[in-house]
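File shown here: model.txt, holding compact mmCIF, C-alpha atoms and all ligand atoms.
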# COMPACT_ATOMS: atom_id res chain seq x y z
CA MET M 233 4.33 133.78 183.46
CA VAL M 234 7.55 133.47 185.39
CA ASP M 235 10.20 135.84 184.24
CA TRP M 236 12.75 133.05 183.67
CA PHE M 237 11.03 132.05 180.50
CA ARG M 238 10.91 135.46 179.09
CA ARG M 239 13.91 137.29 177.78
CA THR M 240 13.50 140.67 179.40
CA LYS M 241 16.51 142.35 177.92
CA LYS M 242 18.62 141.85 174.88
CA SER M 243 21.55 139.70 175.90
CA PHE M 244 23.48 139.65 172.67
CA LEU M 245 23.62 141.49 169.42
CA GLY M 246 22.35 140.28 166.13
CA THR M 247 18.98 138.95 167.17
CA GLU M 248 17.09 141.45 165.12
CA LYS M 249 15.68 139.90 162.00
CA LYS M 250 17.10 141.21 158.80
CA VAL M 251 14.38 142.89 156.85
CA ILE M 252 14.63 142.02 153.18
CA PRO M 253 12.55 144.31 151.00
CA ASP M 254 10.19 142.28 148.93
CA GLY M 255 10.95 141.98 145.26
CA LEU M 256 14.47 143.42 145.36
CA TRP M 257 16.37 140.36 146.45
CA LEU M 258 16.33 136.71 145.49
CA LYS M 259 17.75 133.72 147.26
CA CYS M 260 19.91 131.46 145.09
CA PRO M 261 18.31 127.99 145.17
CA LYS M 262 21.71 126.33 144.93
CA CYS M 263 24.04 128.20 147.32
CA ALA M 264 21.41 130.14 149.36
CA GLU M 265 23.19 133.44 148.80
CA TYR M 266 20.96 136.51 148.75
CA LEU M 267 21.27 138.19 145.40
CA TYR M 268 20.29 141.66 144.30
CA LYS M 269 17.84 141.33 141.44
CA ARG M 270 19.16 144.24 139.44
CA GLU M 271 22.67 142.83 139.69
CA LEU M 272 21.37 139.42 138.57
CA ASP M 273 19.66 141.02 135.62
CA ARG M 274 22.95 142.57 134.53
CA ASN M 275 24.62 139.20 135.01
CA TYR M 276 22.31 137.21 132.65
CA TRP M 277 20.49 135.79 135.69
CA VAL M 278 23.49 133.72 136.76
CA CYS M 279 24.47 133.53 140.44
CA PRO M 280 27.87 135.27 140.77
CA LYS M 281 28.85 132.94 143.62
CA CYS M 282 27.99 129.43 142.39
CA ARG M 283 27.14 130.05 138.69
CA TYR M 284 23.60 128.72 139.12
CA HIS M 285 21.58 129.59 136.00
CA PHE M 286 18.12 130.88 136.92
CA ARG M 287 15.27 130.03 134.58
CA ILE M 288 14.47 133.08 132.49
CA PRO M 289 11.49 134.13 130.37
CA SER M 290 11.71 133.77 126.59
CA LYS M 291 11.86 137.57 126.19
CA GLU M 292 15.07 137.72 128.23
CA TYR M 293 16.69 135.02 126.15
CA ILE M 294 15.78 136.77 122.91
CA LYS M 295 17.12 140.07 124.24
CA MET M 296 20.36 138.34 125.14
CA LEU M 297 20.93 136.72 121.73
CA ILE M 298 19.39 139.02 119.14
CA ASP M 299 21.14 142.19 117.95
CA GLY M 300 18.21 144.54 118.22
CA LYS M 301 14.89 144.47 116.45
CA TYR M 302 13.32 141.22 115.34
CA GLU M 303 10.11 139.97 113.80
CA GLU M 304 7.92 137.59 115.74
CA PHE M 305 5.81 135.33 113.51
CA ASN M 306 2.76 133.15 114.25
CA GLN M 307 2.48 135.04 117.52
CA LYS M 308 -1.21 134.68 118.23
CA ILE M 309 -1.90 131.03 117.49
CA SER M 310 -3.38 129.47 120.59
CA SER M 311 -4.93 126.15 121.54
CA ASN M 312 -8.68 125.66 121.20
CA ASP M 313 -8.88 122.94 123.85
CA PRO M 314 -9.92 119.99 121.64
CA LEU M 315 -10.55 117.62 124.57
CA ARG M 316 -12.37 120.19 126.75
CA PHE M 317 -9.93 119.15 129.42
CA LYS M 318 -10.31 119.94 133.07
CA ASP M 319 -8.22 118.85 136.06
CA SER M 320 -8.00 121.12 139.09
CA LYS M 321 -8.59 123.95 136.62
CA ARG M 322 -10.08 124.20 133.14
CA TYR M 323 -7.44 124.01 130.45
CA VAL M 324 -8.73 127.20 128.80
CA ASP M 325 -8.30 129.04 132.10
CA ARG M 326 -4.81 127.65 132.47
CA ILE M 327 -3.93 129.09 129.07
CA LYS M 328 -5.48 132.46 130.00
CA ASP M 329 -3.52 132.59 133.26
CA ALA M 330 -0.30 131.66 131.49
CA HIS M 331 -0.91 134.44 128.99
CA ALA M 332 -1.52 136.95 131.78
CA LYS M 333 1.68 135.85 133.53
CA THR M 334 4.02 135.82 130.53
CA GLY M 335 2.43 138.04 127.91
CA ASN M 336 2.89 135.16 125.45
CA TYR M 337 0.14 133.22 123.71
CA GLU M 338 1.93 129.89 123.90
CA ALA M 339 4.95 128.16 125.41
CA VAL M 340 7.19 128.97 122.47
CA VAL M 341 8.05 132.26 120.79
CA THR M 342 9.24 132.07 117.18
CA ILE M 343 11.15 134.94 115.63
CA GLU M 344 13.37 135.99 112.76
CA GLY M 345 16.24 138.24 113.75
CA GLN M 346 19.96 138.70 113.66
CA ILE M 347 22.76 137.34 115.82
CA SER M 348 25.93 139.36 115.22
CA SER M 349 24.52 140.28 111.78
CA TYR M 350 23.68 136.68 110.79
CA THR M 351 19.98 136.33 110.08
CA VAL M 352 18.51 133.33 111.90
CA ILE M 353 15.21 131.71 112.81
CA LEU M 354 15.04 131.47 116.59
CA CYS M 355 12.50 129.59 118.72
CA VAL M 356 12.58 130.14 122.47
CA MET M 357 10.45 128.09 124.84
CA ASP M 358 9.07 129.58 128.03
CA PHE M 359 8.95 127.38 131.12
CA GLN M 360 6.61 129.85 132.82
CA PHE M 361 3.93 129.02 130.27
CA ILE M 362 2.38 125.74 131.56
CA GLY M 363 5.83 124.30 132.23
CA GLY M 364 6.98 124.92 128.67
CA SER M 365 4.88 121.94 127.68
CA MET M 366 4.51 120.99 124.03
CA GLY M 367 0.92 120.87 122.85
CA SER M 368 -0.37 121.13 119.32
CA VAL M 369 0.39 124.86 119.07
CA VAL M 370 3.99 124.57 120.26
CA GLY M 371 4.51 121.70 117.81
CA GLU M 372 2.88 123.66 114.99
CA LYS M 373 4.87 126.83 115.69
CA VAL M 374 8.14 124.90 115.82
CA ALA M 375 7.20 123.06 112.60
CA ARG M 376 6.42 126.35 110.83
CA ALA M 377 9.68 127.87 112.08
CA ILE M 378 11.57 124.89 110.62
CA ASP M 379 9.75 125.35 107.30
CA ARG M 380 10.59 129.03 107.28
CA ALA M 381 14.27 128.30 107.96
CA ARG M 382 14.24 125.72 105.14
CA GLU M 383 12.54 127.98 102.62
CA LYS M 384 14.70 131.00 103.39
CA LYS M 385 17.85 128.88 103.82
CA LEU M 386 18.52 130.28 107.26
CA PRO M 387 20.10 128.65 110.30
CA LEU M 388 17.63 127.45 112.91
CA ILE M 389 18.20 127.79 116.65
CA ILE M 390 15.83 126.40 119.27
CA VAL M 391 16.21 127.20 122.96
CA ALA M 392 14.41 124.43 124.87
CA ALA M 393 12.89 124.74 128.35
CA SER M 394 10.18 122.18 128.79
CA GLY M 395 8.54 119.70 131.08
CA GLY M 396 7.57 117.59 128.04
CA ALA M 397 4.33 116.89 126.26
CA ARG M 398 1.20 118.76 127.35
CA MET M 399 -1.10 116.36 129.18
CA GLN M 400 -4.16 118.52 128.62
CA GLU M 401 -4.10 117.72 124.91
CA GLY M 402 -3.50 113.98 125.24
CA ILE M 403 -2.35 112.22 122.10
CA LEU M 404 -2.40 115.43 120.06
CA SER M 405 0.63 116.52 122.10
CA LEU M 406 2.45 113.26 121.46
CA MET M 407 1.89 113.65 117.72
CA GLN M 408 3.97 116.85 117.81
CA MET M 409 7.06 114.74 118.46
CA ALA M 410 6.67 112.97 115.12
CA LYS M 411 5.74 116.16 113.31
CA THR M 412 8.69 118.27 114.49
CA SER M 413 11.12 115.36 113.97
CA ALA M 414 9.89 114.79 110.41
CA LYS M 415 10.20 118.52 109.63
CA LEU M 416 13.75 118.51 110.98
CA ALA M 417 14.65 115.46 108.88
CA GLN M 418 13.46 117.33 105.78
CA PHE M 419 15.41 120.43 106.84
CA HIS M 420 18.50 118.30 107.40
CA GLU M 421 18.21 116.61 103.99
CA GLN M 422 18.30 120.02 102.37
CA GLY M 423 21.45 120.98 104.21
CA GLY M 424 19.94 123.21 106.91
CA LEU M 425 21.87 123.98 110.08
CA PHE M 426 20.04 123.36 113.35
CA ILE M 427 21.57 124.37 116.68
CA SER M 428 19.75 123.12 119.76
CA ILE M 429 20.25 124.87 123.10
CA LEU M 430 19.10 122.97 126.18
CA THR M 431 18.28 124.93 129.31
CA ASP M 432 16.96 123.86 132.68
CA PRO M 433 14.83 121.77 132.41
CA THR M 434 14.56 119.98 129.07
CA THR M 435 12.60 116.79 129.58
CA GLY M 436 9.96 114.39 128.26
CA GLY M 437 8.67 114.63 124.72
CA THR M 438 10.71 117.74 123.98
CA THR M 439 13.96 115.90 124.70
CA ALA M 440 12.64 112.88 122.82
CA SER M 441 12.05 114.92 119.68
CA PHE M 442 13.57 118.15 118.38
CA ALA M 443 15.75 119.07 121.36
CA MET M 444 18.14 116.14 120.84
CA LEU M 445 18.14 116.37 117.03
CA GLY M 446 20.47 119.35 116.73
CA ASP M 447 23.44 119.24 114.39
CA LEU M 448 25.06 120.86 117.39
CA ILE M 449 23.66 120.46 120.86
CA ILE M 450 24.64 123.08 123.43
CA ALA M 451 23.54 123.00 127.07
CA GLU M 452 23.64 125.49 129.89
CA PRO M 453 25.65 124.36 132.94
CA GLY M 454 23.70 122.30 135.45
CA ALA M 455 20.63 121.99 133.21
CA LEU M 456 18.37 119.03 133.92
CA ILE M 457 18.07 117.07 130.70
CA GLY M 458 16.26 113.77 130.43
CA PHE M 459 13.22 111.86 129.28
CA ALA M 460 11.52 110.28 132.30
CA GLY M 461 12.12 111.42 135.86
CA GLU M 462 14.64 109.74 138.15
CA ARG M 463 12.05 107.93 140.29
CA VAL M 464 10.30 106.41 137.30
CA ILE M 465 13.56 105.14 135.83
CA ARG M 466 14.69 103.67 139.14
CA GLN M 467 11.41 101.83 139.55
CA THR M 468 11.52 100.54 135.98
CA ILE M 469 15.07 99.24 135.85
CA GLY M 470 15.42 98.51 139.57
CA VAL M 471 18.90 100.02 139.83
CA ASP M 472 20.17 103.04 141.75
CA LEU M 473 21.23 105.78 139.42
CA PRO M 474 24.54 107.65 139.50
CA GLU M 475 24.58 111.11 141.02
CA GLY M 476 23.64 113.90 138.63
CA PHE M 477 22.94 111.47 135.80
CA GLN M 478 20.46 113.84 134.17
CA ARG M 479 22.59 116.97 134.38
CA ALA M 480 24.30 118.63 131.42
CA GLU M 481 27.79 117.70 132.71
CA PHE M 482 26.96 113.99 132.85
CA LEU M 483 25.42 114.06 129.39
CA LEU M 484 28.49 115.78 127.99
CA GLU M 485 30.72 113.11 129.50
CA LYS M 486 28.58 110.39 127.88
CA GLY M 487 28.54 112.10 124.50
CA PHE M 488 24.88 113.08 124.30
CA ILE M 489 25.61 116.77 123.97
CA ASP M 490 28.45 118.67 122.31
CA ILE M 491 29.22 121.71 124.42
CA ILE M 492 28.32 123.23 127.77
CA CYS M 493 28.27 127.00 127.61
CA GLU M 494 27.51 129.62 130.22
CA ARG M 495 24.70 131.96 129.32
CA SER M 496 27.03 134.96 129.28
CA GLY M 497 29.08 133.34 126.50
CA MET M 498 26.15 131.98 124.47
CA LYS M 499 25.93 134.75 121.89
CA GLN M 500 29.68 134.65 121.32
CA LEU M 501 29.61 130.88 120.83
CA LEU M 502 26.69 131.08 118.39
CA THR M 503 28.51 133.79 116.46
CA LYS M 504 31.57 131.56 116.18
CA ILE M 505 29.46 128.63 114.94
CA LEU M 506 27.51 130.76 112.44
CA ASN M 507 30.76 132.26 111.21
CA PHE M 508 32.31 128.81 110.76
CA PHE M 509 29.40 127.45 108.72
CA ASN M 510 29.12 130.65 106.72
CA GLU M 511 32.77 130.48 105.66
CA LYS M 512 32.39 126.80 104.82
CA ASN M 513 29.59 127.56 102.40
ZN ZN M 601 24.33 130.56 143.97
Do you think you could lay out the structure here as structure tokens?
Amino acid sequence: MVDWFRRTKKSFLGTEKKVIPDGLWLKCPKCAEYLYKRELDRNYWVCPKCRYHFRIPSKEYIKMLIDGKYEEFNQKISSNDPLRFKDSKRYVDRIKDAHAKTGNYEAVVTIEGQISSYTVILCVMDFQFIGGSMGSVVGEKVARAIDRAREKKLPLIIVAASGGARMQEGILSLMQMAKTSAKLAQFHEQGGLFISILTDPTTGGTTASFAMLGDLIIAEPGALIGFAGERVIRQTIGVDLPEGFQRAEFLLEKGFIDIICERSGMKQLLTKILNFFNEKN
């Protein structure tokens, strides 16, 4: 090899690769800034530079909203794979893996706890659990949480994070849309308060059922909210779609949601709302 092609000495500074210790830093998917994980954790998992809201596990969300201790109910219900479904992986294995990854038994956690001393029923979906998809167990747990809120006359809050219906359970997943919607209608008739919080992403059958049925609908900034994906819509209606048409900001402008709230202010906002409705009663 001729020496011309080989750099024999360092000609300028700064060629050394930065070594980033694994697991300590994260790259922001929006602004590409390197962020220190511990700092992010203190900052509600929001990028300090561009305010990008990272997806967070249900446990984190509960910790952020609930005062201290809480009671989780219907924790261990899990799907029994009615269709014996298999794609690249068996559905039962998919559930096992999701459990190992998240510590949860399903894609929604339902609890009773307090937000600034107001007792509430809170459901938090977990996108890490098979894309936060709604199968028969998610539908059942949400339905039971609604019933509990109705019977105990407590406010209901659902934090959505979902890719939609769970394919692996076919039509049984789709039936959860009707079930949760009917339960909410009953709750509404009896004067219950339902606050829906939409996080990134809230799509498909989840959007098309309980997520958009809130008396108040709050969204996190930049959250993707929609029913079908952009490509499918474009192909169906044959029209180019406006930029960001499925983001929280666009939906607010068009009147589909009520408020956009940063994660750091979410508990304060909920407290204000709960306080308002409490005084009204
Ligand atoms: Zn960023």
* To do: Counting only C-alpha atoms and all ligand atoms, name the residues that have an atom within 9 Å of an atom of ligand ZN 601 (chain M); the answer should be given as a ChimeraX atom specification.
  => /M:259-267,278-285
* Give me, please, the distance in Å between atom CA of M:Leu406 and atom CA of M:Val324, quoted to one decimal. => 19.3 Å
* Asked: Within 10 Å of stretch 327-341 of chain M, counting all atoms listed in the file, which residues qualify if same-chain residues fewer than 4 places away don't, as a VMD selection string?
  -> chain M and resid 289 to 291 294 304 to 313 322 to 323 354 to 367 369 to 371 373 to 374 377 390 to 394
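Interatomic distance, atom CA of M:Asp490 against atom CA of M:Pro453: 12.4 Å.
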* Which residues come within 12 Å of M:Leu484, counting only C-alpha atoms, excluding same-chain residues fewer than 5 positions away, as a ChimeraX atom specification? -> /M:430,449-455,457,476-479,489-493
Could you save the residues just selected, with C-alpha atoms, as a PDB file, in the frame of the given file?
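Result file follows (out.pdb):
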ATOM      1  CA  LEU M 430      19.100 122.970 126.180  1.00  0.00           C
ATOM      2  CA  ILE M 449      23.660 120.460 120.860  1.00  0.00           C
ATOM      3  CA  ILE M 450      24.640 123.080 123.430  1.00  0.00           C
ATOM      4  CA  ALA M 451      23.540 123.000 127.070  1.00  0.00           C
ATOM      5  CA  GLU M 452      23.640 125.490 129.890  1.00  0.00           C
ATOM      6  CA  PRO M 453      25.650 124.360 132.940  1.00  0.00           C
ATOM      7  CA  GLY M 454      23.700 122.300 135.450  1.00  0.00           C
ATOM      8  CA  ALA M 455      20.630 121.990 133.210  1.00  0.00           C
ATOM      9  CA  ILE M 457      18.070 117.070 130.700  1.00  0.00           C
ATOM     10  CA  GLY M 476      23.640 113.900 138.630  1.00  0.00           C
ATOM     11  CA  PHE M 477      22.940 111.470 135.800  1.00  0.00           C
ATOM     12  CA  GLN M 478      20.460 113.840 134.170  1.00  0.00           C
ATOM     13  CA  ARG M 479      22.590 116.970 134.380  1.00  0.00           C
ATOM     14  CA  ILE M 489      25.610 116.770 123.970  1.00  0.00           C
ATOM     15  CA  ASP M 490      28.450 118.670 122.310  1.00  0.00           C
ATOM     16  CA  ILE M 491      29.220 121.710 124.420  1.00  0.00           C
ATOM     17  CA  ILE M 492      28.320 123.230 127.770  1.00  0.00           C
ATOM     18  CA  CYS M 493      28.270 127.000 127.610  1.00  0.00           C
TER      19      CYS M 493
END
* **Coordinates-based distance that separates atom CA of M:Thr434 from atom CA of M:Gly497 (Å, one decimal)** => 19.9 Å
* To do: Tell me which of M:Ala414, M:Ile505, M:Ile298, M:Met399 sits closest to M:Lys318, counting all atoms listed in the file.
  =>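 The closest residue to M:Lys318 is M:Met399.
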* Using only C-alpha atoms, which of the listed residues (M:Pro433, M:Leu473, M:Phe317, M:Ile347) sits closest to M:Asp299? -> M:Ile347
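The residue set within 6 Å of M:Ala443, counting all atoms listed in the file and dropping same-chain residues fewer than 4 places from it, reads Ser428, Thr438 and Thr439 of chain M.
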* Structure fact -> In terms of only C-alpha atoms, the residue from M:Gly396, M:Pro387, M:Gly345, M:Gly461 at minimal distance from M:Phe442 is M:Gly396
* To do: List the neighbours of M:Ser441 out to 9 Å using only C-alpha atoms; skip same-chain residues closer than 2 positions along the sequence, and give me the result as a list in words.
  =>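 The neighbour list is Gln408, Met409, Ala410, Thr412, Ser413, Gly436, Gly437, Thr438, Thr439, Ala443, Met444 and Leu445 of chain M.
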Mind dumping the selected residues with C-alpha atoms as a CSV table (one decimal), in the coordinates of the input?
chain,number,residue,atom,x,y,z
M,408,GLN,CA,4.0,116.8,117.8
M,409,MET,CA,7.1,114.7,118.5
M,410,ALA,CA,6.7,113.0,115.1
M,412,THR,CA,8.7,118.3,114.5
M,413,SER,CA,11.1,115.4,114.0
M,436,GLY,CA,10.0,114.4,128.3
M,437,GLY,CA,8.7,114.6,124.7
M,438,THR,CA,10.7,117.7,124.0
M,439,THR,CA,14.0,115.9,124.7
M,443,ALA,CA,15.8,119.1,121.4
M,444,MET,CA,18.1,116.1,120.8
M,445,LEU,CA,18.1,116.4,117.0
* Go ahead and find all residues with at least one atom no further than 7 Å from (17.7, 123.1, 115.3) in the file's coordinates, using all atoms listed in the file; report them as JSON, numbers by chain. => {"M": [388, 389, 390, 425, 426, 427, 428, 445, 446, 447]}
Exercise: M:Lys384 partners within 10 Å, all atoms listed in the file, chain neighbours under 6 positions left out, as a tab-separated table (two decimals) with C-alpha atoms, in the frame of the given file:
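selection-v6.tsv written:
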chain	number	residue	atom	x	y	z
M	352	VAL	CA	18.51	133.33	111.90
M	353	ILE	CA	15.21	131.71	112.81
M	378	ILE	CA	11.57	124.89	110.62
* Residue nearest M:Ser368 among M:Leu272, M:Ile403, M:Ala417, M:Ile429 (counting all atoms listed in the file) ->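 For M:Ser368, the nearest of the candidates is M:Ile403.
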* So, counting only C-alpha atoms, which residue among M:Asp325, M:Glu344, M:Tyr293, M:Glu462 is closest to M:Pro474? ->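 That would be M:Glu462, the residue with the smallest distance to M:Pro474.
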* Nearest to M:Ile343 among M:Glu303, M:Glu383, M:Glu475, M:Glu494, with distances taken over all atoms listed in the file: which residue is it? -> M:Glu303
